[in-house]
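Asker: Sharing a structure, written as structure tokens. Questions coming.
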Amino acid sequence: MVGCNELCREAFVFMSQMNHVPITFETEVSDDFCILTNRRYLLYSLQELLGNATRYSDGKNVLLRVEKDDKSVRFIIQDTGKGIAEADLENIFMFFTKVDDFSDGLGLGLPLVKRHAETLGGSFTLDTSYHAGCRFIFELPI
């Protein structure tokens with residue numbers, strides 16, 4: 001059993017120590033709300049997404065939010081940056097694919113996060129209706 005808020009706070013603190021971009025944490029679940037999942041996969045995924053958000057944002061606004069309904073819990077990570085070009089949308093979840101040649105990394109982060117979500121019985125998507133930067137949604141069943 002993994003405490004959703006506790007894990008988010010751990011990812012939040014880790015990323016806050018790694019960079020100076022302010023991260024806001026919001027939650028609509030109680031601190032005792034837990035789900036049965038793989039802690040390591042979820043923590044890695046949140047840290048990867050927060051790392052990307054802080055790296056590619058405008059340096060002002062990164063949000064980690066937890067929401068739930070009757071069937072699932074959603075971890076929403078959004079930033080106010082340049083976003084992802086429409087031409088790159090098809091490729092962002094492909095292994096070893098990067099949106100630009102000047103960024104660090106091997107192009108493994110988003111594909112691994114997607115694989116982790118699916119392995120855990122959930123989903124990982126980019127919210128294309130959000131236009132102020134990027135909003136990713138990591139959703140797991142309750």
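Each chain in the structure tokens gets a letter, A, B, ..., in the order shown, and its residues are numbered from 1; ligands are numbered from 1 in order too.
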Per residue of region 16-51 of chain A within 12 Å of region 61-73 of chain A, record the nearest atom pair and its distance in Å to one decimal, counting only C-alpha atoms, with rows in chain order and ascending residue number, as CSV.
Answerer:
residue,atom,partner,partner_atom,distance
A:Ser16,CA,A:Val62,CA,10.9
A:Asn19,CA,A:Val62,CA,11.9
A:His20,CA,A:Val62,CA,11.1
A:Val21,CA,A:Asn61,CA,7.5
A:Pro22,CA,A:Asn61,CA,6.4
A:Ile23,CA,A:Val62,CA,4.8
A:Thr24,CA,A:Leu63,CA,4.8
A:Phe25,CA,A:Leu64,CA,4.9
A:Glu26,CA,A:Arg65,CA,4.7
A:Thr27,CA,A:Val66,CA,4.6
A:Glu28,CA,A:Glu67,CA,5.5
A:Val29,CA,A:Glu67,CA,6.7
A:Ser30,CA,A:Val66,CA,10.1
A:Asp31,CA,A:Val66,CA,11.1
A:Phe33,CA,A:Val73,CA,10.1
A:Cys34,CA,A:Val73,CA,9.9
A:Ile35,CA,A:Val73,CA,8.6
A:Leu36,CA,A:Val73,CA,11.4
A:Thr37,CA,A:Val73,CA,11.5
A:Leu46,CA,A:Leu64,CA,8.7
A:Gln47,CA,A:Leu64,CA,10.5
A:Leu49,CA,A:Leu64,CA,9.4
A:Leu50,CA,A:Val62,CA,7.7
A:Gly51,CA,A:Val62,CA,10.0
Asker: Rounded to one decimal in Å, what is the spacing between CA of Lys114 (chain A) and CA of Gln78 (chain A)?
Answerer: 16.1 Å
Asker: Just list the residues in chain A DSSP gives strand (DSSP E) on the backbone, as number ranges by chain.
Answerer: A: 2-3, 23-27, 34-35, 57-68, 72-81, 123-126, 134-141
Asker: Select from chain A everything DSSP, run on the backbone, classes as helix (DSSP H, G or I), then give the selection as a PDB file with C-alpha atoms, in the first residue's frame.
Answerer:
ATOM      1  CA  CYS A   4      -0.410   8.976  -2.432  1.00  0.00           C
ATOM      2  CA  ASN A   5       0.271  12.273  -0.656  1.00  0.00           C
ATOM      3  CA  GLU A   6       3.310  10.908   1.150  1.00  0.00           C
ATOM      4  CA  LEU A   7       4.848   9.694  -2.107  1.00  0.00           C
ATOM      5  CA  CYS A   8       4.084  12.994  -3.860  1.00  0.00           C
ATOM      6  CA  ARG A   9       5.722  14.914  -1.046  1.00  0.00           C
ATOM      7  CA  GLU A  10       8.799  12.690  -1.312  1.00  0.00           C
ATOM      8  CA  ALA A  11       9.042  13.354  -5.059  1.00  0.00           C
ATOM      9  CA  PHE A  12       8.357  17.044  -4.441  1.00  0.00           C
ATOM     10  CA  VAL A  13      11.104  17.409  -1.809  1.00  0.00           C
ATOM     11  CA  PHE A  14      13.621  15.506  -3.934  1.00  0.00           C
ATOM     12  CA  MET A  15      12.981  17.699  -6.980  1.00  0.00           C
ATOM     13  CA  SER A  16      12.949  20.898  -4.900  1.00  0.00           C
ATOM     14  CA  GLN A  17      16.458  20.071  -3.703  1.00  0.00           C
ATOM     15  CA  MET A  18      17.634  19.409  -7.270  1.00  0.00           C
ATOM     16  CA  ARG A  39       6.008   2.334  -4.993  1.00  0.00           C
ATOM     17  CA  ARG A  40       9.259   2.406  -6.958  1.00  0.00           C
ATOM     18  CA  TYR A  41       7.565   2.730 -10.371  1.00  0.00           C
ATOM     19  CA  LEU A  42       5.259   5.476  -9.165  1.00  0.00           C
ATOM     20  CA  LEU A  43       8.012   7.445  -7.401  1.00  0.00           C
ATOM     21  CA  TYR A  44      10.321   7.192 -10.416  1.00  0.00           C
ATOM     22  CA  SER A  45       7.526   8.337 -12.711  1.00  0.00           C
ATOM     23  CA  LEU A  46       6.625  11.356 -10.593  1.00  0.00           C
ATOM     24  CA  GLN A  47      10.268  12.371 -10.235  1.00  0.00           C
ATOM     25  CA  GLU A  48      10.824  12.032 -13.977  1.00  0.00           C
ATOM     26  CA  LEU A  49       7.767  14.130 -14.765  1.00  0.00           C
ATOM     27  CA  LEU A  50       8.641  16.803 -12.216  1.00  0.00           C
ATOM     28  CA  GLY A  51      12.206  16.858 -13.539  1.00  0.00           C
ATOM     29  CA  ASN A  52      10.963  17.417 -17.076  1.00  0.00           C
ATOM     30  CA  ALA A  53       8.496  20.053 -15.932  1.00  0.00           C
ATOM     31  CA  THR A  54      11.159  22.018 -14.083  1.00  0.00           C
ATOM     32  CA  ARG A  55      13.663  21.624 -16.914  1.00  0.00           C
ATOM     33  CA  TYR A  56      11.353  22.701 -19.736  1.00  0.00           C
ATOM     34  CA  GLU A  86       2.179  19.401 -32.506  1.00  0.00           C
ATOM     35  CA  ALA A  87       4.636  17.781 -34.917  1.00  0.00           C
ATOM     36  CA  ASP A  88       6.331  16.017 -31.976  1.00  0.00           C
ATOM     37  CA  GLY A 109      11.917   9.240 -19.628  1.00  0.00           C
ATOM     38  CA  LEU A 110       8.398   9.607 -21.043  1.00  0.00           C
ATOM     39  CA  PRO A 111       8.355   6.151 -22.673  1.00  0.00           C
ATOM     40  CA  LEU A 112       9.372   4.546 -19.361  1.00  0.00           C
ATOM     41  CA  VAL A 113       6.749   6.519 -17.455  1.00  0.00           C
ATOM     42  CA  LYS A 114       4.126   5.337 -19.952  1.00  0.00           C
ATOM     43  CA  ARG A 115       5.305   1.734 -19.598  1.00  0.00           C
ATOM     44  CA  HIS A 116       5.192   1.999 -15.793  1.00  0.00           C
ATOM     45  CA  ALA A 117       1.638   3.362 -15.857  1.00  0.00           C
ATOM     46  CA  GLU A 118       0.480   0.570 -18.159  1.00  0.00           C
ATOM     47  CA  THR A 119       2.317  -2.097 -16.131  1.00  0.00           C
TER      48      THR A 119
END
Asker: Which one of A:Ile137, A:Ala132, A:Val2, A:Ile142 sits closest to Gly81 (chain A) if you count only C-alpha atoms?
Answerer: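 Comparing A:Ile137, A:Ala132, A:Val2, A:Ile142 against Gly81 (chain A), the winner is A:Ala132.
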Asker: Which residue, A:Leu120, A:Ile76, A:Met94, A:Ile84, has the smallest gap to Phe138 (chain A) when you use only C-alpha atoms?
Answerer: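 Between A:Leu120, A:Ile76, A:Met94, A:Ile84, the residue approaching Phe138 (chain A) most closely is A:Ile76.
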Asker: Please measure the separation of CA of Ser129 (chain A) and CA of Asp58 (chain A), giving the value in Å to one decimal.
Answerer: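 Computing it gives 19.0 Å between the two atoms.
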